[in-house]
>>> print(open('protein.pdb').read())   # PDB, C-alpha atoms
ATOM      1  CA  MET A   1       7.848  -6.832  -3.513
ATOM      2  CA  ALA A   2      10.059  -8.409  -6.132
ATOM      3  CA  GLU A   3       8.701  -8.904  -9.597
ATOM      4  CA  PRO A   4       7.956 -12.516 -10.542
ATOM      5  CA  ALA A   5      10.441 -14.490 -12.586
ATOM      6  CA  ALA A   6       9.651 -14.719 -16.286
ATOM      7  CA  THR A   7       8.686 -18.388 -15.964
ATOM      8  CA  GLU A   8       6.512 -17.944 -12.863
ATOM      9  CA  ASN A   9       2.749 -17.878 -13.281
ATOM     10  CA  ALA A  10       1.501 -15.491 -10.640
ATOM     11  CA  ALA A  11      -1.106 -12.827 -10.048
ATOM     12  CA  TRP A  12      -1.265 -10.465  -7.113
ATOM     13  CA  VAL A  13      -3.157  -7.576  -5.643
ATOM     14  CA  ASP A  14      -1.778  -4.897  -3.310
ATOM     15  CA  LEU A  15      -4.050  -3.373  -0.669
ATOM     16  CA  GLU A  16      -3.255  -0.150   1.177
ATOM     17  CA  LEU A  17      -4.726  -0.438   4.667
ATOM     18  CA  PRO A  18      -4.784   2.002   7.608
ATOM     19  CA  LEU A  19      -3.327  -0.649   9.951
ATOM     20  CA  ALA A  20       0.115  -1.599  11.132
ATOM     21  CA  PRO A  21       1.582  -4.458   9.039
ATOM     22  CA  GLN A  22       1.301  -6.922  11.945
ATOM     23  CA  GLN A  23      -2.355  -5.962  12.490
ATOM     24  CA  ALA A  24      -3.110  -6.530   8.803
ATOM     25  CA  LEU A  25      -1.395  -9.922   8.880
ATOM     26  CA  GLY A  26      -3.142 -10.830  12.122
ATOM     27  CA  TYR A  27      -6.476 -10.057  10.523
ATOM     28  CA  ALA A  28      -5.619 -12.090   7.405
ATOM     29  CA  ARG A  29      -4.427 -15.099   9.430
ATOM     30  CA  ASN A  30      -8.042 -16.058  10.074
ATOM     31  CA  ILE A  31      -8.114 -18.268   6.975
ATOM     32  CA  GLU A  32     -11.844 -18.952   6.929
ATOM     33  CA  ARG A  33     -12.687 -15.249   7.167
ATOM     34  CA  LEU A  34     -10.077 -14.430   4.513
ATOM     35  CA  LEU A  35     -11.572 -16.954   2.083
ATOM     36  CA  ARG A  36     -15.169 -15.962   2.867
ATOM     37  CA  LEU A  37     -14.346 -12.360   1.942
ATOM     38  CA  ASN A  38     -13.882 -13.499  -1.675
ATOM     39  CA  PRO A  39     -17.129 -12.279  -3.289
ATOM     40  CA  HIS A  40     -17.039 -15.028  -5.919
ATOM     41  CA  LEU A  41     -16.208 -18.035  -3.738
ATOM     42  CA  GLU A  42     -19.262 -19.817  -2.378
ATOM     43  CA  ILE A  43     -17.997 -21.983   0.475
ATOM     44  CA  ALA A  44     -20.096 -25.080   1.056
ATOM     45  CA  ARG A  45     -17.798 -26.598   3.675
ATOM     46  CA  PHE A  46     -14.712 -25.347   5.461
ATOM     47  CA  GLU A  47     -13.048 -27.650   7.954
ATOM     48  CA  VAL A  48     -10.148 -26.889  10.234
ATOM     49  CA  ALA A  49      -7.891 -29.887  10.764
ATOM     50  CA  THR A  50      -4.837 -30.112  12.963
ATOM     51  CA  ASP A  51      -1.507 -28.315  12.604
ATOM     52  CA  GLY A  52      -2.385 -25.748   9.949
ATOM     53  CA  ARG A  53      -4.414 -27.961   7.618
ATOM     54  CA  TYR A  54      -7.813 -27.056   6.205
ATOM     55  CA  ARG A  55     -10.351 -28.604   3.863
ATOM     56  CA  LEU A  56     -12.286 -26.360   1.478
ATOM     57  CA  GLU A  57     -15.261 -27.305  -0.664
ATOM     58  CA  GLY A  58     -17.290 -24.828  -2.620
ATOM     59  CA  LEU A  59     -17.971 -23.179  -5.942
ATOM     60  CA  ASN A  60     -15.987 -20.480  -7.707
ATOM     61  CA  GLU A  61     -18.764 -18.361  -9.224
ATOM     62  CA  MET A  62     -16.300 -16.505 -11.447
ATOM     63  CA  ASN A  63     -15.371 -19.535 -13.551
ATOM     64  CA  GLY A  64     -18.203 -21.889 -12.541
ATOM     65  CA  LEU A  65     -15.889 -24.634 -11.277
ATOM     66  CA  ALA A  66     -16.262 -26.652  -8.107
ATOM     67  CA  VAL A  67     -13.493 -26.207  -5.578
ATOM     68  CA  SER A  68     -12.470 -29.171  -3.466
ATOM     69  CA  CYS A  69      -8.996 -29.091  -2.017
ATOM     70  CA  GLY A  70      -6.883 -29.345   1.046
ATOM     71  CA  LEU A  71      -5.000 -26.288   2.251
ATOM     72  CA  THR A  72      -1.849 -26.190   4.306
ATOM     73  CA  LEU A  73      -0.859 -23.051   6.184
ATOM     74  CA  GLN A  74       2.877 -22.384   5.944
ATOM     75  CA  ASP A  75       4.006 -19.613   8.277
ATOM     76  CA  ALA A  76       6.689 -17.256   6.971
ATOM     77  CA  GLY A  77       7.281 -15.558  10.313
ATOM     78  CA  ALA A  78       6.652 -11.850  10.727
ATOM     79  CA  ASP A  79       6.589 -11.326   6.954
ATOM     80  CA  GLY A  80       3.432 -13.306   6.249
ATOM     81  CA  PHE A  81       2.191 -16.768   5.396
ATOM     82  CA  ARG A  82       1.333 -19.047   2.491
ATOM     83  CA  LEU A  83      -1.615 -21.311   1.807
ATOM     84  CA  LEU A  84      -0.515 -24.342  -0.196
ATOM     85  CA  TYR A  85      -3.152 -26.129  -2.297
ATOM     86  CA  ASP A  86      -3.008 -29.909  -2.650
ATOM     87  CA  SER A  87      -4.885 -30.064  -5.971
ATOM     88  CA  GLY A  88      -5.866 -27.946  -8.933
ATOM     89  CA  LEU A  89      -4.020 -25.380 -10.991
ATOM     90  CA  LYS A  90      -3.385 -23.017  -8.077
ATOM     91  CA  LEU A  91      -0.237 -23.884  -6.152
ATOM     92  CA  ALA A  92      -0.233 -21.293  -3.376
ATOM     93  CA  THR A  93      -1.653 -18.049  -2.065
ATOM     94  CA  ALA A  94       0.924 -15.928  -0.254
ATOM     95  CA  VAL A  95      -0.099 -13.083   2.038
ATOM     96  CA  THR A  96       2.516 -10.536   3.078
ATOM     97  CA  ALA A  97       2.415  -7.129   4.724
ATOM     98  CA  ALA A  98       4.914  -4.294   4.654
ATOM     99  CA  LEU A  99       5.054  -0.800   6.062
ATOM    100  CA  HIS A 100       3.627   1.689   3.568
ATOM    101  CA  ALA A 101       2.842   5.416   3.900
ATOM    102  CA  ALA A 102       0.360   5.719   6.790
ATOM    103  CA  GLY A 103      -0.300   2.029   7.232
ATOM    104  CA  ALA A 104       0.347  -1.340   5.669
ATOM    105  CA  LEU A 105       0.600  -2.682   2.157
ATOM    106  CA  LEU A 106      -1.041  -6.111   2.245
ATOM    107  CA  THR A 107      -0.152  -8.223  -0.783
ATOM    108  CA  ILE A 108      -2.085 -11.316  -1.824
ATOM    109  CA  ARG A 109      -0.188 -13.296  -4.439
ATOM    110  CA  GLU A 110      -1.478 -16.429  -6.141
ATOM    111  CA  THR A 111       0.946 -18.782  -7.868
ATOM    112  CA  TYR A 112      -0.170 -21.272 -10.519
ATOM    113  CA  ARG A 113       1.436 -24.245 -12.189
ATOM    114  CA  GLN A 114       1.866 -24.120 -15.957
ATOM    115  CA  PRO A 115      -1.514 -24.907 -17.613
ATOM    116  CA  ALA A 116      -1.353 -27.931 -19.884
ATOM    117  CA  ASP A 117      -4.472 -27.188 -21.947
ATOM    118  CA  ASP A 118      -7.583 -25.006 -22.168
ATOM    119  CA  ALA A 119      -9.310 -26.995 -19.398
ATOM    120  CA  ASP A 120      -6.466 -26.097 -17.050
ATOM    121  CA  LEU A 121      -6.572 -22.478 -18.190
ATOM    122  CA  ALA A 122     -10.274 -22.326 -17.248
ATOM    123  CA  GLN A 123      -9.270 -23.019 -13.617
ATOM    124  CA  VAL A 124      -7.492 -19.672 -13.301
ATOM    125  CA  ASP A 125      -9.217 -17.722 -10.543
ATOM    126  CA  ARG A 126     -10.119 -14.315 -11.951
ATOM    127  CA  SER A 127     -11.619 -13.090  -8.700
ATOM    128  CA  LEU A 128      -8.353 -11.854  -7.185
ATOM    129  CA  THR A 129      -9.050  -8.160  -7.799
ATOM    130  CA  PRO A 130     -12.658  -8.231  -6.482
ATOM    131  CA  TRP A 131     -11.382 -10.261  -3.527
ATOM    132  CA  GLY A 132      -8.807  -7.584  -2.730
ATOM    133  CA  VAL A 133     -11.452  -4.861  -3.002
ATOM    134  CA  ALA A 134     -13.748  -6.822  -0.664
ATOM    135  CA  ILE A 135     -10.979  -7.332   1.909
ATOM    136  CA  ARG A 136     -10.099  -3.635   1.866
ATOM    137  CA  ARG A 137     -13.753  -2.562   2.084
ATOM    138  CA  HIS A 138     -14.351  -4.961   4.972
ATOM    139  CA  ILE A 139     -11.330  -3.791   6.972
ATOM    140  CA  LEU A 140     -12.106  -0.108   6.327
ATOM    141  CA  GLY A 141     -15.709  -0.701   7.390
ATOM    142  CA  LEU A 142     -14.585  -2.357  10.618
ATOM    143  CA  SER A 143     -12.150   0.436  11.399
ATOM    144  CA  ARG A 144     -14.787   3.078  10.672
ATOM    145  CA  TRP A 145     -17.920   1.521  12.172
ATOM    146  CA  GLY A 146     -16.491  -1.163  14.467
ATOM    147  CA  ARG A 147     -17.236   0.793  17.638
ATOM    148  CA  ILE A 148     -20.975   0.685  16.983
ATOM    149  CA  PRO A 149     -22.538  -2.031  19.152
ATOM    150  CA  ALA A 150     -23.225  -5.263  17.242
ATOM    151  CA  TYR A 151     -21.668  -3.974  13.995
ATOM    152  CA  ARG A 152     -18.614  -6.237  14.232
ATOM    153  CA  TRP A 153     -20.823  -9.230  15.080
ATOM    154  CA  LEU A 154     -23.139  -8.497  12.132
ATOM    155  CA  ARG A 155     -20.213  -8.195   9.698
ATOM    156  CA  GLU A 156     -18.144 -11.113  10.986
ATOM    157  CA  ARG A 157     -20.855 -13.642  11.808
ATOM    158  CA  LEU A 158     -24.007 -12.831   9.880
ATOM    159  CA  TRP A 159     -22.669 -11.122   6.742
ATOM    160  CA  LEU A 160     -19.709 -13.450   6.127
ATOM    161  CA  GLY A 161     -21.867 -16.451   6.984
ATOM    162  CA  MET A 162     -23.992 -15.726   3.913
ATOM    163  CA  ARG A 163     -23.167 -17.016   0.475
ATOM    164  CA  PRO A 164     -21.860 -14.313  -1.910
ATOM    165  CA  ARG A 165     -25.065 -14.448  -3.935
ATOM    166  CA  GLU A 166     -27.129 -13.836  -0.790
ATOM    167  CA  ARG A 167     -24.910 -10.863   0.121
ATOM    168  CA  ARG A 168     -25.485  -9.335  -3.316
ATOM    169  CA  ILE A 169     -29.254  -9.806  -2.986
ATOM    170  CA  VAL A 170     -29.339  -8.262   0.506
ATOM    171  CA  ARG A 171     -27.247  -5.321  -0.716
ATOM    172  CA  LEU A 172     -29.624  -4.817  -3.668
ATOM    173  CA  ILE A 173     -32.714  -4.968  -1.441
ATOM    174  CA  ALA A 174     -31.173  -2.456   0.983
ATOM    175  CA  TRP A 175     -30.356   0.030  -1.809
ATOM    176  CA  VAL A 176     -33.812  -0.334  -3.395
ATOM    177  CA  THR A 177     -35.460   0.172   0.004
ATOM    178  CA  LEU A 178     -33.368   3.289   0.608
ATOM    179  CA  LEU A 179     -34.265   4.625  -2.831
ATOM    180  CA  GLU A 180     -37.977   3.956  -2.204
ATOM    181  CA  PHE A 181     -37.757   5.828   1.098
ATOM    182  CA  VAL A 182     -36.081   8.836  -0.558
ATOM    183  CA  VAL A 183     -38.771   8.894  -3.269
ATOM    184  CA  PHE A 184     -41.453   8.625  -0.565
ATOM    185  CA  LEU A 185     -39.950  11.615   1.297
ATOM    186  CA  PHE A 186     -39.745  13.582  -1.943
ATOM    187  CA  VAL A 187     -43.431  12.906  -2.773
ATOM    188  CA  LEU A 188     -44.418  13.687   0.811
ATOM    189  CA  ALA A 189     -42.547  16.993   0.642
ATOM    190  CA  ILE A 190     -44.367  17.910  -2.574
ATOM    191  CA  LEU A 191     -47.790  17.053  -1.130
ATOM    192  CA  VAL A 192     -47.238  18.848   2.156
TER
END
>>> encode(input="protein.pdb", output="structure tokens")
Amino acid sequence: MAEPAATENAAWVDLELPLAPQQALGYARNIERLLRLNPHLEIARFEVATDGRYRLEGLNEMNGLAVSCGLTLQDAGADGFRLLYDSGLKLATAVTAALHAAGALLTIRETYRQPADDADLAQVDRSLTPWGVAIRRHILGLSRWGRIPAYRWLRERLWLGMRPRERRIVRLIAWVTLLEFVVFLFVLAILV
């Protein structure tokens, strides 16, 4: 991928995935799922309009700002696509995939307009890296465990249907429960 021009305000994350580039792009083309994978974006309402238009309302937990914007999907053919934002500091999110080593290199690139003041600067979405990690973890989990009955349904419908805060709480409860069970087995082994 070409480096940004000196005057361009952009941030990007590259994800190495064990998929073919077209598979990675096909997975990312589900815009609602792609946005819900952001662990710091709480989506209150996502509407699909006609001809590649969407409406997004929610809260960016990373900077504490409400998100309310229209999105337009602009297809770039086999190379990827762009989501154009109709308001706010963020201009576009481009998703591209290229052949890389044993799979695909999926790149998510966010472009911003020049911030006018500190209030504009506060709108910069700092969740791009955690979002990339969450996308990669989700795709690797599906490729690893996707053959287990109901796993894909649980991940795609139930898990992504939760707000990010609820996902963090469920994850914490699961780890604490596992730790309690291990301690219980350890105490039981000592007593027996």
>>> closest_atom_pairs(input="protein.pdb", of="region 112-160 of chain A", to="region 165-176 of chain A", cutoff="12 Å", atoms="only C-alpha atoms", output="Markdown table")
| residue | atom | partner | partner_atom | distance |
| --- | --- | --- | --- | --- |
| A:Ala134 | CA | A:Arg167 | CA | 11.9 |
| A:Arg155 | CA | A:Arg167 | CA | 11.0 |
| A:Leu158 | CA | A:Arg167 | CA | 10.0 |
| A:Trp159 | CA | A:Arg167 | CA | 7.0 |
| A:Leu160 | CA | A:Arg167 | CA | 8.4 |
>>> residues_around(input="protein.pdb", residues="Glu8 (chain A)", least_positions_apart="5", cutoff="9 Å", atoms="all atoms listed in the file", output="VMD selection string")
chain A and resid 111 to 114
>>> resolve_selection(input="protein.pdb", expression="the PyMOL selection byres ((chain A and resi 90-93) around 7)", output="JSON, numbers by chain")
{"A": [82, 83, 84, 85, 88, 89, 94, 95, 108, 109, 110, 111, 112, 113]}
>>> resolve_selection(input="protein.pdb", expression="the PyMOL selection byres ((chain A and resi 18) around 10)", output="mmCIF file with C-alpha atoms, in the frame of the given file")
data_model
loop_
_atom_site.group_PDB
_atom_site.id
_atom_site.type_symbol
_atom_site.label_atom_id
_atom_site.label_comp_id
_atom_site.auth_asym_id
_atom_site.auth_seq_id
_atom_site.Cartn_x
_atom_site.Cartn_y
_atom_site.Cartn_z
ATOM 1 C CA LEU A 15 -4.050 -3.373 -0.669
ATOM 2 C CA GLU A 16 -3.255 -0.150 1.177
ATOM 3 C CA LEU A 17 -4.726 -0.438 4.667
ATOM 4 C CA LEU A 19 -3.327 -0.649 9.951
ATOM 5 C CA ALA A 20 0.115 -1.599 11.132
ATOM 6 C CA PRO A 21 1.582 -4.458 9.039
ATOM 7 C CA GLN A 23 -2.355 -5.962 12.490
ATOM 8 C CA ALA A 24 -3.110 -6.530 8.803
ATOM 9 C CA HIS A 100 3.627 1.689 3.568
ATOM 10 C CA ALA A 101 2.842 5.416 3.900
ATOM 11 C CA ALA A 102 0.360 5.719 6.790
ATOM 12 C CA GLY A 103 -0.300 2.029 7.232
ATOM 13 C CA ALA A 104 0.347 -1.340 5.669
ATOM 14 C CA LEU A 105 0.600 -2.682 2.157
ATOM 15 C CA ARG A 136 -10.099 -3.635 1.866
ATOM 16 C CA ILE A 139 -11.330 -3.791 6.972
ATOM 17 C CA LEU A 140 -12.106 -0.108 6.327
ATOM 18 C CA SER A 143 -12.150 0.436 11.399
#
>>> closest_residue(input="protein.pdb", among="A:Leu121, A:Leu35, A:Leu56, A:Ala150", to="Ser87 (chain A)", atoms="all atoms listed in the file")
A:Leu56
>>> closest_residue(input="protein.pdb", among="A:Ala116, A:Val192, A:Phe181, A:Thr96", to="Gly26 (chain A)", atoms="all atoms listed in the file")
A:Thr96
>>> closest_residue(input="protein.pdb", among="A:Leu25, A:Ala49, A:Val187, A:Ala122", to="Leu99 (chain A)", atoms="only C-alpha atoms")
A:Leu25
>>> resolve_selection(input="protein.pdb", expression="the PyMOL selection byres ((chain A and resi 123) around 10)", output="number ranges by chain")
A: 60, 62-67, 88-90, 112, 115, 118-122, 124-126
>>> atom_distance(input="protein.pdb", atom1="CA of Glu32 (chain A)", atom2="CA of Gly77 (chain A)")
19.7 Å
>>> closest_residue(input="protein.pdb", among="A:Thr72, A:Gly146, A:Arg33, A:Pro39", to="Asp51 (chain A)", atoms="only C-alpha atoms")
A:Thr72
>>> atom_distance(input="protein.pdb", atom1="CA of Trp131 (chain A)", atom2="CA of Leu37 (chain A)")
6.6 Å
>>> atom_distance(input="protein.pdb", atom1="CA of His138 (chain A)", atom2="CA of Ala98 (chain A)")
19.3 Å
>>> closest_residue(input="protein.pdb", among="A:Gly52, A:Ala28, A:Ala44, A:Ala10", to="Gly161 (chain A)", atoms="only C-alpha atoms")
A:Ala44
>>> residues_around(input="protein.pdb", residues="Arg53 (chain A)", least_positions_apart="2", cutoff="9 Å", atoms="all atoms listed in the file", output="list in words")
Glu47, Val48, Ala49, Thr50, Asp51, Arg55, Gly70, Leu71, Thr72 and Leu73 of chain A
